[in-house]
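S.K.: Here you go, my_file25.cif (mmCIF, N, CA and C atoms):
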```cif
data_entry
#
loop_
_atom_site.label_atom_id
_atom_site.label_comp_id
_atom_site.auth_asym_id
_atom_site.auth_seq_id
_atom_site.Cartn_x
_atom_site.Cartn_y
_atom_site.Cartn_z
N MET A 1412 30.87 4.24 -9.07
CA MET A 1412 30.37 4.29 -10.42
C MET A 1412 29.07 5.08 -10.52
N TYR A 1413 28.33 5.13 -9.43
CA TYR A 1413 27.03 5.80 -9.40
C TYR A 1413 27.12 7.21 -9.99
N ASP A 1414 28.09 7.98 -9.53
CA ASP A 1414 28.22 9.37 -9.97
C ASP A 1414 28.50 9.49 -11.47
N LEU A 1415 29.12 8.49 -12.05
CA LEU A 1415 29.39 8.53 -13.48
C LEU A 1415 28.10 8.42 -14.30
N TYR A 1416 27.12 7.70 -13.76
CA TYR A 1416 25.88 7.46 -14.49
C TYR A 1416 24.84 8.58 -14.33
N ILE A 1417 24.93 9.36 -13.28
CA ILE A 1417 23.92 10.39 -13.02
C ILE A 1417 23.70 11.31 -14.22
N PRO A 1418 24.74 11.90 -14.80
CA PRO A 1418 24.51 12.78 -15.96
C PRO A 1418 23.84 12.05 -17.13
N MET A 1419 24.20 10.79 -17.33
CA MET A 1419 23.61 10.04 -18.44
C MET A 1419 22.14 9.73 -18.21
N VAL A 1420 21.76 9.55 -16.97
CA VAL A 1420 20.36 9.27 -16.65
C VAL A 1420 19.54 10.55 -16.65
N GLU A 1421 20.11 11.62 -16.10
CA GLU A 1421 19.38 12.88 -16.02
C GLU A 1421 19.27 13.59 -17.37
N ASN A 1422 20.30 13.49 -18.19
CA ASN A 1422 20.31 14.15 -19.51
C ASN A 1422 20.83 13.16 -20.56
N PRO A 1423 20.02 12.17 -20.89
CA PRO A 1423 20.52 11.13 -21.80
C PRO A 1423 20.71 11.65 -23.23
N ASP A 1424 21.67 11.07 -23.89
CA ASP A 1424 21.89 11.35 -25.31
C ASP A 1424 20.72 10.72 -26.06
N PRO A 1425 19.98 11.49 -26.83
CA PRO A 1425 18.83 10.94 -27.56
C PRO A 1425 19.17 9.70 -28.40
N ALA A 1426 20.37 9.65 -28.93
CA ALA A 1426 20.77 8.50 -29.75
C ALA A 1426 20.95 7.23 -28.91
N GLY A 1427 21.14 7.40 -27.61
CA GLY A 1427 21.37 6.26 -26.74
C GLY A 1427 20.15 5.78 -25.97
N ILE A 1428 19.02 6.45 -26.15
CA ILE A 1428 17.81 6.10 -25.41
C ILE A 1428 17.22 4.81 -25.96
N ILE A 1429 16.92 3.90 -25.08
CA ILE A 1429 16.24 2.66 -25.46
C ILE A 1429 14.77 2.99 -25.65
N ARG A 1430 14.23 2.67 -26.77
CA ARG A 1430 12.82 2.96 -27.09
C ARG A 1430 11.92 1.93 -26.42
N VAL A 1431 11.78 2.07 -25.10
CA VAL A 1431 11.03 1.09 -24.32
C VAL A 1431 9.57 0.99 -24.77
N GLU A 1432 9.04 2.06 -25.32
CA GLU A 1432 7.65 2.05 -25.77
C GLU A 1432 7.45 1.12 -26.97
N GLN A 1433 8.53 0.65 -27.58
CA GLN A 1433 8.43 -0.27 -28.71
C GLN A 1433 8.54 -1.73 -28.30
N ILE A 1434 8.72 -1.97 -27.01
CA ILE A 1434 8.76 -3.35 -26.51
C ILE A 1434 7.39 -3.96 -26.69
N THR A 1435 7.34 -5.21 -27.10
CA THR A 1435 6.06 -5.87 -27.34
C THR A 1435 5.78 -6.90 -26.25
N GLY A 1436 5.61 -6.41 -25.05
CA GLY A 1436 5.30 -7.27 -23.92
C GLY A 1436 5.36 -6.49 -22.63
N PRO A 1437 4.90 -7.11 -21.55
CA PRO A 1437 4.90 -6.45 -20.23
C PRO A 1437 6.32 -6.13 -19.75
N ILE A 1438 6.42 -5.11 -18.92
CA ILE A 1438 7.71 -4.67 -18.41
C ILE A 1438 7.64 -4.57 -16.89
N LEU A 1439 8.59 -5.18 -16.22
CA LEU A 1439 8.73 -5.09 -14.77
C LEU A 1439 10.10 -4.52 -14.47
N LEU A 1440 10.14 -3.44 -13.71
CA LEU A 1440 11.39 -2.81 -13.30
C LEU A 1440 11.55 -2.97 -11.79
N ILE A 1441 12.74 -3.27 -11.35
CA ILE A 1441 13.03 -3.40 -9.92
C ILE A 1441 14.21 -2.49 -9.61
N ALA A 1442 14.04 -1.60 -8.63
CA ALA A 1442 15.10 -0.66 -8.29
C ALA A 1442 15.19 -0.46 -6.78
N SER A 1443 16.38 -0.14 -6.34
CA SER A 1443 16.62 0.17 -4.94
C SER A 1443 17.10 1.61 -4.83
N LYS A 1444 16.57 2.32 -3.87
CA LYS A 1444 17.01 3.69 -3.63
C LYS A 1444 18.42 3.73 -3.05
N MET A 1445 18.92 2.55 -2.65
CA MET A 1445 20.28 2.47 -2.11
C MET A 1445 21.25 1.81 -3.09
N ASP A 1446 20.85 1.69 -4.31
CA ASP A 1446 21.74 1.12 -5.33
C ASP A 1446 22.91 2.08 -5.52
N THR A 1447 24.11 1.64 -5.20
CA THR A 1447 25.28 2.49 -5.31
C THR A 1447 26.07 2.25 -6.60
N MET A 1448 25.61 1.32 -7.42
CA MET A 1448 26.28 1.06 -8.69
C MET A 1448 25.83 2.03 -9.76
N TRP A 1449 24.54 2.29 -9.81
CA TRP A 1449 24.00 3.24 -10.77
C TRP A 1449 22.65 3.71 -10.26
N PRO A 1450 22.14 4.85 -10.74
CA PRO A 1450 20.88 5.40 -10.23
C PRO A 1450 19.66 4.66 -10.79
N SER A 1451 19.48 3.43 -10.34
CA SER A 1451 18.41 2.59 -10.88
C SER A 1451 17.03 3.16 -10.61
N GLU A 1452 16.85 3.79 -9.47
CA GLU A 1452 15.55 4.39 -9.14
C GLU A 1452 15.20 5.50 -10.14
N ALA A 1453 16.14 6.39 -10.39
CA ALA A 1453 15.90 7.50 -11.33
C ALA A 1453 15.70 6.97 -12.75
N ALA A 1454 16.48 5.99 -13.14
CA ALA A 1454 16.35 5.42 -14.49
C ALA A 1454 14.99 4.73 -14.65
N ALA A 1455 14.58 4.00 -13.63
CA ALA A 1455 13.28 3.32 -13.69
C ALA A 1455 12.14 4.33 -13.78
N GLU A 1456 12.26 5.42 -13.04
CA GLU A 1456 11.21 6.46 -13.10
C GLU A 1456 11.15 7.09 -14.49
N GLN A 1457 12.29 7.28 -15.12
CA GLN A 1457 12.29 7.83 -16.48
C GLN A 1457 11.66 6.85 -17.46
N ILE A 1458 11.92 5.58 -17.28
CA ILE A 1458 11.31 4.57 -18.14
C ILE A 1458 9.80 4.57 -17.94
N MET A 1459 9.36 4.63 -16.69
CA MET A 1459 7.92 4.65 -16.41
C MET A 1459 7.27 5.87 -17.06
N LYS A 1460 7.93 7.01 -16.95
CA LYS A 1460 7.41 8.24 -17.56
C LYS A 1460 7.27 8.09 -19.07
N ARG A 1461 8.29 7.51 -19.67
CA ARG A 1461 8.27 7.31 -21.12
C ARG A 1461 7.12 6.37 -21.52
N LEU A 1462 6.89 5.33 -20.74
CA LEU A 1462 5.80 4.40 -21.03
C LEU A 1462 4.44 5.09 -20.92
N ARG A 1463 4.28 5.90 -19.87
CA ARG A 1463 3.01 6.64 -19.69
C ARG A 1463 2.79 7.63 -20.83
N GLU A 1464 3.82 8.37 -21.17
CA GLU A 1464 3.70 9.39 -22.22
C GLU A 1464 3.36 8.79 -23.59
N ASN A 1465 3.77 7.56 -23.80
CA ASN A 1465 3.54 6.91 -25.09
C ASN A 1465 2.37 5.92 -25.04
N ASP A 1466 1.55 6.02 -23.98
CA ASP A 1466 0.38 5.13 -23.84
C ASP A 1466 0.73 3.68 -24.13
N PHE A 1467 1.76 3.20 -23.45
CA PHE A 1467 2.23 1.83 -23.63
C PHE A 1467 1.07 0.87 -23.41
N SER A 1468 0.84 -0.03 -24.33
CA SER A 1468 -0.36 -0.86 -24.30
C SER A 1468 -0.25 -2.12 -23.44
N TYR A 1469 0.95 -2.49 -23.05
CA TYR A 1469 1.13 -3.67 -22.20
C TYR A 1469 1.22 -3.23 -20.74
N SER A 1470 1.11 -4.18 -19.84
CA SER A 1470 1.24 -3.84 -18.42
C SER A 1470 2.70 -3.50 -18.11
N TYR A 1471 2.87 -2.59 -17.16
CA TYR A 1471 4.21 -2.24 -16.72
C TYR A 1471 4.13 -1.85 -15.25
N GLN A 1472 5.21 -2.14 -14.55
CA GLN A 1472 5.24 -1.92 -13.11
C GLN A 1472 6.66 -1.62 -12.67
N HIS A 1473 6.78 -0.76 -11.68
CA HIS A 1473 8.08 -0.43 -11.10
C HIS A 1473 8.02 -0.79 -9.62
N LEU A 1474 8.85 -1.73 -9.21
CA LEU A 1474 8.99 -2.08 -7.80
C LEU A 1474 10.17 -1.27 -7.26
N SER A 1475 9.88 -0.38 -6.34
CA SER A 1475 10.90 0.49 -5.77
C SER A 1475 11.10 0.14 -4.30
N TYR A 1476 12.34 -0.07 -3.89
CA TYR A 1476 12.64 -0.45 -2.52
C TYR A 1476 13.58 0.55 -1.87
N ASP A 1477 13.32 0.87 -0.61
CA ASP A 1477 14.18 1.79 0.14
C ASP A 1477 15.53 1.16 0.43
N CYS A 1478 15.53 -0.13 0.72
CA CYS A 1478 16.78 -0.83 1.06
C CYS A 1478 17.07 -1.87 -0.01
N GLY A 1479 18.30 -2.27 -0.03
CA GLY A 1479 18.76 -3.25 -1.00
C GLY A 1479 19.87 -2.65 -1.82
N GLY A 1480 20.66 -3.51 -2.37
CA GLY A 1480 21.78 -3.04 -3.17
C GLY A 1480 21.48 -3.11 -4.66
N HIS A 1481 22.46 -3.52 -5.39
CA HIS A 1481 22.36 -3.57 -6.85
C HIS A 1481 21.85 -4.92 -7.33
N LEU A 1482 22.03 -5.95 -6.55
CA LEU A 1482 21.68 -7.31 -6.97
C LEU A 1482 20.39 -7.77 -6.31
N PHE A 1483 19.32 -7.78 -7.05
CA PHE A 1483 18.05 -8.23 -6.50
C PHE A 1483 17.81 -9.68 -6.90
N VAL A 1484 18.48 -10.57 -6.20
CA VAL A 1484 18.31 -12.00 -6.43
C VAL A 1484 17.85 -12.63 -5.11
N PRO A 1485 17.07 -13.70 -5.18
CA PRO A 1485 16.48 -14.28 -3.96
C PRO A 1485 17.42 -15.18 -3.18
N MET A 1486 18.67 -14.80 -3.08
CA MET A 1486 19.63 -15.61 -2.32
C MET A 1486 20.71 -14.70 -1.76
N GLU A 1487 21.42 -15.21 -0.79
CA GLU A 1487 22.54 -14.46 -0.22
C GLU A 1487 23.77 -14.68 -1.11
N LEU A 1488 24.38 -13.60 -1.52
CA LEU A 1488 25.59 -13.67 -2.32
C LEU A 1488 26.74 -13.03 -1.57
N ARG A 1489 27.92 -13.62 -1.64
CA ARG A 1489 29.09 -13.03 -0.99
C ARG A 1489 29.40 -11.65 -1.57
N LEU A 1490 29.11 -11.48 -2.82
CA LEU A 1490 29.35 -10.21 -3.50
C LEU A 1490 28.53 -9.07 -2.91
N ALA A 1491 27.41 -9.39 -2.27
CA ALA A 1491 26.52 -8.37 -1.72
C ALA A 1491 27.20 -7.50 -0.66
N LYS A 1492 28.23 -8.02 -0.01
CA LYS A 1492 28.90 -7.25 1.04
C LYS A 1492 29.52 -5.96 0.51
N PHE A 1493 29.67 -5.85 -0.79
CA PHE A 1493 30.23 -4.65 -1.39
C PHE A 1493 29.19 -3.54 -1.57
N PHE A 1494 27.94 -3.85 -1.32
CA PHE A 1494 26.86 -2.88 -1.52
C PHE A 1494 26.29 -2.44 -0.17
N ARG A 1495 26.34 -1.16 0.09
CA ARG A 1495 25.89 -0.59 1.36
C ARG A 1495 24.47 -1.05 1.74
N GLY A 1496 23.59 -1.11 0.77
CA GLY A 1496 22.20 -1.47 1.04
C GLY A 1496 21.98 -2.92 1.38
N ASP A 1497 23.04 -3.73 1.32
CA ASP A 1497 22.92 -5.17 1.61
C ASP A 1497 23.68 -5.61 2.86
N ARG A 1498 24.26 -4.67 3.57
CA ARG A 1498 25.08 -5.08 4.72
C ARG A 1498 24.71 -4.27 5.96
N GLY A 1499 25.29 -4.66 7.07
CA GLY A 1499 25.09 -3.94 8.33
C GLY A 1499 23.63 -3.85 8.72
N LYS A 1500 23.22 -2.67 9.12
CA LYS A 1500 21.85 -2.48 9.60
C LYS A 1500 20.80 -2.67 8.51
N TYR A 1501 21.23 -2.71 7.24
CA TYR A 1501 20.29 -2.88 6.13
C TYR A 1501 20.16 -4.32 5.66
N LYS A 1502 20.97 -5.21 6.21
CA LYS A 1502 21.02 -6.58 5.70
C LYS A 1502 19.65 -7.27 5.72
N GLU A 1503 18.96 -7.21 6.83
CA GLU A 1503 17.67 -7.88 6.93
C GLU A 1503 16.61 -7.19 6.07
N LEU A 1504 16.61 -5.86 6.06
CA LEU A 1504 15.66 -5.13 5.22
C LEU A 1504 15.91 -5.43 3.74
N SER A 1505 17.16 -5.58 3.37
CA SER A 1505 17.51 -5.92 1.99
C SER A 1505 17.00 -7.32 1.65
N ARG A 1506 17.19 -8.26 2.57
CA ARG A 1506 16.69 -9.62 2.33
C ARG A 1506 15.18 -9.61 2.15
N GLU A 1507 14.48 -8.86 2.98
CA GLU A 1507 13.02 -8.76 2.87
C GLU A 1507 12.62 -8.15 1.52
N ALA A 1508 13.34 -7.14 1.09
CA ALA A 1508 13.05 -6.51 -0.20
C ALA A 1508 13.28 -7.49 -1.34
N ARG A 1509 14.38 -8.23 -1.29
CA ARG A 1509 14.66 -9.21 -2.35
C ARG A 1509 13.58 -10.27 -2.41
N MET A 1510 13.14 -10.76 -1.26
CA MET A 1510 12.11 -11.79 -1.25
C MET A 1510 10.77 -11.23 -1.71
N ASP A 1511 10.47 -9.99 -1.33
CA ASP A 1511 9.25 -9.35 -1.79
C ASP A 1511 9.29 -9.18 -3.31
N SER A 1512 10.44 -8.78 -3.83
CA SER A 1512 10.55 -8.61 -5.29
C SER A 1512 10.39 -9.95 -6.01
N LEU A 1513 10.87 -11.03 -5.41
CA LEU A 1513 10.68 -12.35 -6.00
C LEU A 1513 9.19 -12.70 -6.07
N THR A 1514 8.49 -12.51 -4.96
CA THR A 1514 7.06 -12.80 -4.92
C THR A 1514 6.31 -11.96 -5.95
N LYS A 1515 6.62 -10.68 -6.00
CA LYS A 1515 5.93 -9.80 -6.95
C LYS A 1515 6.31 -10.08 -8.39
N THR A 1516 7.54 -10.52 -8.62
CA THR A 1516 7.95 -10.90 -9.97
C THR A 1516 7.16 -12.12 -10.43
N LEU A 1517 7.03 -13.10 -9.55
CA LEU A 1517 6.27 -14.30 -9.90
C LEU A 1517 4.80 -13.95 -10.16
N GLU A 1518 4.25 -13.06 -9.36
CA GLU A 1518 2.87 -12.62 -9.59
C GLU A 1518 2.75 -11.91 -10.94
N PHE A 1519 3.73 -11.09 -11.26
CA PHE A 1519 3.72 -10.33 -12.50
C PHE A 1519 3.74 -11.28 -13.71
N VAL A 1520 4.62 -12.26 -13.69
CA VAL A 1520 4.73 -13.15 -14.85
C VAL A 1520 3.54 -14.10 -14.97
N THR A 1521 2.88 -14.39 -13.89
CA THR A 1521 1.70 -15.26 -13.99
C THR A 1521 0.52 -14.55 -14.64
N ARG A 1522 0.57 -13.22 -14.71
CA ARG A 1522 -0.52 -12.46 -15.34
C ARG A 1522 -0.33 -12.32 -16.85
N TRP A 1523 0.77 -12.79 -17.41
CA TRP A 1523 1.03 -12.65 -18.85
C TRP A 1523 -0.02 -13.36 -19.62
#
```
Would you kindly transcribe this structure into structure tokens?
M.R.:
Amino acid sequence: MYDLYIPMVENPDPAGIIRVEQITGPILLIASKMDTMWPSEAAAEQIMKRLRENDFSYSYQHLSYDCGGHLFVPMELRLAKFFRGDRGKYKELSREARMDSLTKTLEFVTRW
């Protein structure tokens, strides 16, 4: 599915763009460079760019991880075996990334 989303992320239809700069609260994005479901890293970077360009007044942060799959949850899921970034030699690094994202998410929400 990843390849289907690349054109939409790289050249989005203006009518389909989410106006993230109109959100009235802090934004936390979590992405993996090994997400094989969709280009979450590229999409998150575009969102960050849009927030910077529009002088977004709330806090915003992008947590980017080298390893990990599509599901950033703080538990082991059987479904994770379908994602390259969550299995084999990446399994432990993915677990560490998920737990790090949990810690940083909790830190982020406590600053609200």
S.K.: Write down as a PyMOL selection string the residues of chain A whose backbone DSSP state falls under strand (DSSP E).
M.R.: chain A and resi 1438-1443+1471-1476
S.K.: With N, CA and C atoms retained, could you export that selection as a CSV table (one decimal), in the frame of the given file?
M.R.:
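After the write, result-v4.csv holds the following:
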```csv
chain,number,residue,atom,x,y,z
A,1438,ILE,N,6.4,-5.1,-18.9
A,1438,ILE,CA,7.7,-4.7,-18.4
A,1438,ILE,C,7.6,-4.6,-16.9
A,1439,LEU,N,8.6,-5.2,-16.2
A,1439,LEU,CA,8.7,-5.1,-14.8
A,1439,LEU,C,10.1,-4.5,-14.5
A,1440,LEU,N,10.1,-3.4,-13.7
A,1440,LEU,CA,11.4,-2.8,-13.3
A,1440,LEU,C,11.6,-3.0,-11.8
A,1441,ILE,N,12.7,-3.3,-11.4
A,1441,ILE,CA,13.0,-3.4,-9.9
A,1441,ILE,C,14.2,-2.5,-9.6
A,1442,ALA,N,14.0,-1.6,-8.6
A,1442,ALA,CA,15.1,-0.7,-8.3
A,1442,ALA,C,15.2,-0.5,-6.8
A,1443,SER,N,16.4,-0.1,-6.3
A,1443,SER,CA,16.6,0.2,-4.9
A,1443,SER,C,17.1,1.6,-4.8
A,1471,TYR,N,2.9,-2.6,-17.2
A,1471,TYR,CA,4.2,-2.2,-16.7
A,1471,TYR,C,4.1,-1.8,-15.2
A,1472,GLN,N,5.2,-2.1,-14.6
A,1472,GLN,CA,5.2,-1.9,-13.1
A,1472,GLN,C,6.7,-1.6,-12.7
A,1473,HIS,N,6.8,-0.8,-11.7
A,1473,HIS,CA,8.1,-0.4,-11.1
A,1473,HIS,C,8.0,-0.8,-9.6
A,1474,LEU,N,8.8,-1.7,-9.2
A,1474,LEU,CA,9.0,-2.1,-7.8
A,1474,LEU,C,10.2,-1.3,-7.3
A,1475,SER,N,9.9,-0.4,-6.3
A,1475,SER,CA,10.9,0.5,-5.8
A,1475,SER,C,11.1,0.1,-4.3
A,1476,TYR,N,12.3,-0.1,-3.9
A,1476,TYR,CA,12.6,-0.4,-2.5
A,1476,TYR,C,13.6,0.6,-1.9
```
S.K.: Within chain A, find each residue whose DSSP state, derived from the backbone, is helix (DSSP H, G or I), and express the selection as number ranges by chain.
M.R.: A: 1413-1421, 1425-1427, 1431-1433, 1451-1464, 1489-1493, 1495-1497, 1499-1521
S.K.: Applied to the shown file, which residues does the PyMOL selection byres (((chain A and resi 1446 and name CA) around 9) and name CA) return, written as a JSON list (two decimals) with N, CA and C atoms, keeping the file's coordinate frame?
M.R.:
```
[["chain", "number", "residue", "atom", "x", "y", "z"],
["A", 1413, "TYR", "N", 28.33, 5.13, -9.43],
["A", 1413, "TYR", "CA", 27.03, 5.80, -9.40],
["A", 1413, "TYR", "C", 27.12, 7.21, -9.99],
["A", 1442, "ALA", "N", 14.04, -1.60, -8.63],
["A", 1442, "ALA", "CA", 15.10, -0.66, -8.29],
["A", 1442, "ALA", "C", 15.19, -0.46, -6.78],
["A", 1443, "SER", "N", 16.38, -0.14, -6.34],
["A", 1443, "SER", "CA", 16.62, 0.17, -4.94],
["A", 1443, "SER", "C", 17.10, 1.61, -4.83],
["A", 1444, "LYS", "N", 16.57, 2.32, -3.87],
["A", 1444, "LYS", "CA", 17.01, 3.69, -3.63],
["A", 1444, "LYS", "C", 18.42, 3.73, -3.05],
["A", 1445, "MET", "N", 18.92, 2.55, -2.65],
["A", 1445, "MET", "CA", 20.28, 2.47, -2.11],
["A", 1445, "MET", "C", 21.25, 1.81, -3.09],
["A", 1447, "THR", "N", 24.11, 1.64, -5.20],
["A", 1447, "THR", "CA", 25.28, 2.49, -5.31],
["A", 1447, "THR", "C", 26.07, 2.25, -6.60],
["A", 1448, "MET", "N", 25.61, 1.32, -7.42],
["A", 1448, "MET", "CA", 26.28, 1.06, -8.69],
["A", 1448, "MET", "C", 25.83, 2.03, -9.76],
["A", 1449, "TRP", "N", 24.54, 2.29, -9.81],
["A", 1449, "TRP", "CA", 24.00, 3.24, -10.77],
["A", 1449, "TRP", "C", 22.65, 3.71, -10.26],
["A", 1450, "PRO", "N", 22.14, 4.85, -10.74],
["A", 1450, "PRO", "CA", 20.88, 5.40, -10.23],
["A", 1450, "PRO", "C", 19.66, 4.66, -10.79],
["A", 1451, "SER", "N", 19.48, 3.43, -10.34],
["A", 1451, "SER", "CA", 18.41, 2.59, -10.88],
["A", 1451, "SER", "C", 17.03, 3.16, -10.61],
["A", 1452, "GLU", "N", 16.85, 3.79, -9.47],
["A", 1452, "GLU", "CA", 15.55, 4.39, -9.14],
["A", 1452, "GLU", "C", 15.20, 5.50, -10.14],
["A", 1478, "CYS", "N", 15.53, -0.13, 0.72],
["A", 1478, "CYS", "CA", 16.78, -0.83, 1.06],
["A", 1478, "CYS", "C", 17.07, -1.87, -0.01],
["A", 1479, "GLY", "N", 18.30, -2.27, -0.03],
["A", 1479, "GLY", "CA", 18.76, -3.25, -1.00],
["A", 1479, "GLY", "C", 19.87, -2.65, -1.82],
["A", 1480, "GLY", "N", 20.66, -3.51, -2.37],
["A", 1480, "GLY", "CA", 21.78, -3.04, -3.17],
["A", 1480, "GLY", "C", 21.48, -3.11, -4.66],
["A", 1481, "HIS", "N", 22.46, -3.52, -5.39],
["A", 1481, "HIS", "CA", 22.36, -3.57, -6.85],
["A", 1481, "HIS", "C", 21.85, -4.92, -7.33],
["A", 1482, "LEU", "N", 22.03, -5.95, -6.55],
["A", 1482, "LEU", "CA", 21.68, -7.31, -6.97],
["A", 1482, "LEU", "C", 20.39, -7.77, -6.31],
["A", 1494, "PHE", "N", 27.94, -3.85, -1.32],
["A", 1494, "PHE", "CA", 26.86, -2.88, -1.52],
["A", 1494, "PHE", "C", 26.29, -2.44, -0.17],
["A", 1495, "ARG", "N", 26.34, -1.16, 0.09],
["A", 1495, "ARG", "CA", 25.89, -0.59, 1.36],
["A", 1495, "ARG", "C", 24.47, -1.05, 1.74],
["A", 1496, "GLY", "N", 23.59, -1.11, 0.77],
["A", 1496, "GLY", "CA", 22.20, -1.47, 1.04],
["A", 1496, "GLY", "C", 21.98, -2.92, 1.38]]
```
S.K.: Taking 6 positions as the minimum chain separation for residues in the same chain, which residues sit within 7 Å of Pro1437 in chain A when counting all atoms listed in the file? Answer as a PyMOL selection string.
M.R.: chain A and resi 1469-1472
S.K.: How many Å separate atom N of Phe1467 in chain A from CA of Leu1517 in chain A?
M.R.: 22.6 Å
S.K.: Starting from the shown file, work through the PyMOL selection byres (((chain A and resi 1431 and name CA) around 9) and name CA) and note down what comes out as a PyMOL selection string.
M.R.: chain A and resi 1428-1430+1432-1434+1438+1458+1461-1462+1467
S.K.: Separation of CA of Pro1485 in chain A and atom C of Asp1511 in chain A, in Å?
M.R.: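 Separation between CA of Pro1485 in chain A and atom C of Asp1511 in chain A: 8.8 Å.
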S.K.: If I take CA of Tyr1416 in chain A and CA of Leu1513 in chain A, how far is one from the other in Å, to one decimal?
M.R.: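 Separating CA of Tyr1416 in chain A from CA of Leu1513 in chain A is a distance of 26.4 Å.
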S.K.: Rank nothing, just name the residue among A:Leu1415, A:Ala1455, A:Val1420, A:Met1510 nearest to Leu1440 in chain A, using all atoms listed in the file.
M.R.: A:Ala1455
S.K.: Residues near Ser1512 in chain A, anyone? I mean within 9 Å using only C-alpha atoms, not counting same-chain ones fewer than 5 positions away, as a ChimeraX atom specification.
M.R.: /A:1441,1474,1476,1483-1485,1507,1517
